[in-house]
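**Student:** There's a structure below that I have some questions on.
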Amino acid sequence: MLAIGLMSGTSLDGIDAALVKINGCGTETAVQLMEMVTLPIGEELKERIKTACDPGESNVPLICQLNTELGYQFLKACQILCQKAGIEEKSIDFVASHGQTIWHSPDADPAKNSTLQIGEPSIIAYGLQTKVVADFRVMDMAAGGQGAPLVPYTDYLLYQSDTKNRLLQNIGGIGNVTVLPKSGGLNELYAFDTGPGNMVIDELMVQLFGQPYDAFGETARAGAIIPTLQKELRTHFYLSQQPPKSTGRELFGKQFVQQLLTKYPEAAPEDLVRTLTDFTAFSIADSYQRFIFPQLGTNDMEVILSGGGAHNHLLIELIQGYLPESVAVVTQDDIGGSNDAKEAVAFAILGNETLHSRVNNAPAATGAAQGVILGKIIPNPWEAKM
């Protein structure tokens with residue numbers, strides 16, 4: 001089947017659309033990335049999404065309007081992708097859309113769990129004349145899970161090894177890791193959000209330099225560590241919180257950055273970016289030291305980076321510096337994959353599993369009471385029978 005996976009993460013740097021060819025399902029899944037595009041999110045739209053994520057500024061009309069508007073943006077990304085690949089839109093068998101998260105708040109009490117991804121899938125289904133699978137997180141939460149992370153299931157299908165312990169580290173707005181013990185089964189993997197990814201770095205770049213991100217980490221490289229801030233950040237409660245755990249803009253968003261700017265008004269902008277880049281690297285390595293290495297050791301260990309952070313050269317250097325020399329660190333690009341397309345491809349695979357009525361969460365990662373089928377299916381409205 002030909003499928004499109006759509007991903008727009010907490011970093012808000014764009015809508016990733018991946019065209020894939022999928023055969024089979026479950027452990028027999030074979031997937032080939034055919035083409036990929038990223039549709040940038042305009043600054044005005046990005047600011048309205050951030051407002052919708054802020055409980056103090058958000059409102060119902062804004063969320064409803066964004067749901068429609070982002071639906072058309074996701075449709076546009078699919079159309080551009082088809083044009084780039086030189087295929088007819090009608091040849092797409094299905095689209096799997098993660099949507100845009102504007103709120104994610106897991107709670108120990110299932111009745112208080114809440115998550116919301118917007119970007120109306122009906123608009124995609126009608127415009128592309130195909131079926132759409134969307135809204136993946138809520139079923140896992142209904143089963144008592146955190147609704148995140150969801151990519152570990154696909155990581156297991158694609159990357160499980162009999163000879164290496166593999167850590168699939170995505171660095172988007174938030175950092176998240178999937179732990180695949182060598183020769184392990186689906187029930188032996190675990191995963192969690194390591195903490196901030198690019199989110200705090202990007203927000204600093206916007207506020208201090210008027211730039212959307214720190215290209216290759218060059219701004220941070222020009223700065224120096226602020227020792228008092230570094231020490232403060234390393235005591236953040238999230239770092240010691242036991243997995244399964246997940247986080248988002250609610251904890252490391254604009255308000256978090258604004259508090260830092262208020263507390264350190266005299267700090268040089270480059271020094272702030274350097275210190276927050278260091279915090280992202282440290283939070284990743286610290287998570288491994290606390291929750292992974294004690295169980296698996298550091299031999300035969302491979303870290304595979306993906307996401308926008310995999311393009312930040314300084315960030316990669318810092319991560320390597322915080323890890324033992326025995327731990328290999330590579331990127332998706334290094335091993336023939338794609339740093340940018342990984343999560344979009346993952347949701348295409350999740351959608352494929354949903355359409356085959358297969359369990360596609362990983363309770364060991366999310367904390368769900370059982371395996372469940374994720375996602376809601378929007379049928380192709382052009383195939384309706386009268």
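We name chains A, B, ... following the order of the structure tokens; residues begin at 1 in each chain, and ligands are numbered from 1 as shown.
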Go through stretch 26-102 of chain A and flag each residue having an atom no more than 12 Å from stretch 211-232 of chain A; for those, report the closest pair of atoms plus their distance in Å to one decimal, using only C-alpha atoms, ordered by chain and rising number, as a Markdown table.

**Tutor:**
```
| residue | atom | partner | partner_atom | distance |
| --- | --- | --- | --- | --- |
| A:Pro40 | CA | A:Pro212 | CA | 10.9 |
| A:Ile41 | CA | A:Pro212 | CA | 10.7 |
| A:Gly42 | CA | A:Pro212 | CA | 10.6 |
| A:Glu43 | CA | A:Pro212 | CA | 8.9 |
| A:Lys46 | CA | A:Pro212 | CA | 10.6 |
| A:Glu47 | CA | A:Pro212 | CA | 11.8 |
```

**Student:** Please identify which residues in stretch 46-293 of chain A DSSP calls strand (DSSP E) from the backbone, and express them as a ChimeraX atom specification.

**Tutor:** /A:94-105,114-118,131-134,165-171,174-180,190-196

**Student:** With distances taken over only C-alpha atoms, which residue among A:Asp333, A:Glu69, A:Asp193, A:Glu250 lies nearest A:Tyr288?

**Tutor:**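 Looking at the shortest contact to A:Tyr288, the residue is A:Asp193.
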
**Student:** Quick one: which stretch 66-103 of chain A residues come within 12 Å of stretch 140-163 of chain A, and what is the nearest atom pair for each with the distance in Å to one decimal, counting only C-alpha atoms, rows ordered by chain and ascending number, as a Markdown table?

**Tutor:**
```
| residue | atom | partner | partner_atom | distance |
| --- | --- | --- | --- | --- |
| A:His98 | CA | A:Leu150 | CA | 10.2 |
| A:Thr101 | CA | A:Ala148 | CA | 11.6 |
| A:Trp103 | CA | A:Gly147 | CA | 11.8 |
```

**Student:** Report as a tab-separated table the residues of stretch 241-333 of chain A within 10 Å of stretch 4-10 of chain A, each with its shortest atom pair and distance in Å (one decimal), using only C-alpha atoms, ordered by chain and increasing residue number.

**Tutor:**
```
residue	atom	partner	partner_atom	distance
A:Gly248	CA	A:Thr10	CA	7.1
A:Arg249	CA	A:Thr10	CA	6.9
A:Gly253	CA	A:Thr10	CA	9.1
A:Gly307	CA	A:Gly9	CA	9.7
```

**Student:** I want to know what sits within 7 Å of A:Val329, based on only C-alpha atoms, with residues of the same chain fewer than 4 positions away left out; could you give that as a list in words?

**Tutor:**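 Contacts, in chain order: Glu302, Val303, Ile304 and Gln320 of chain A.
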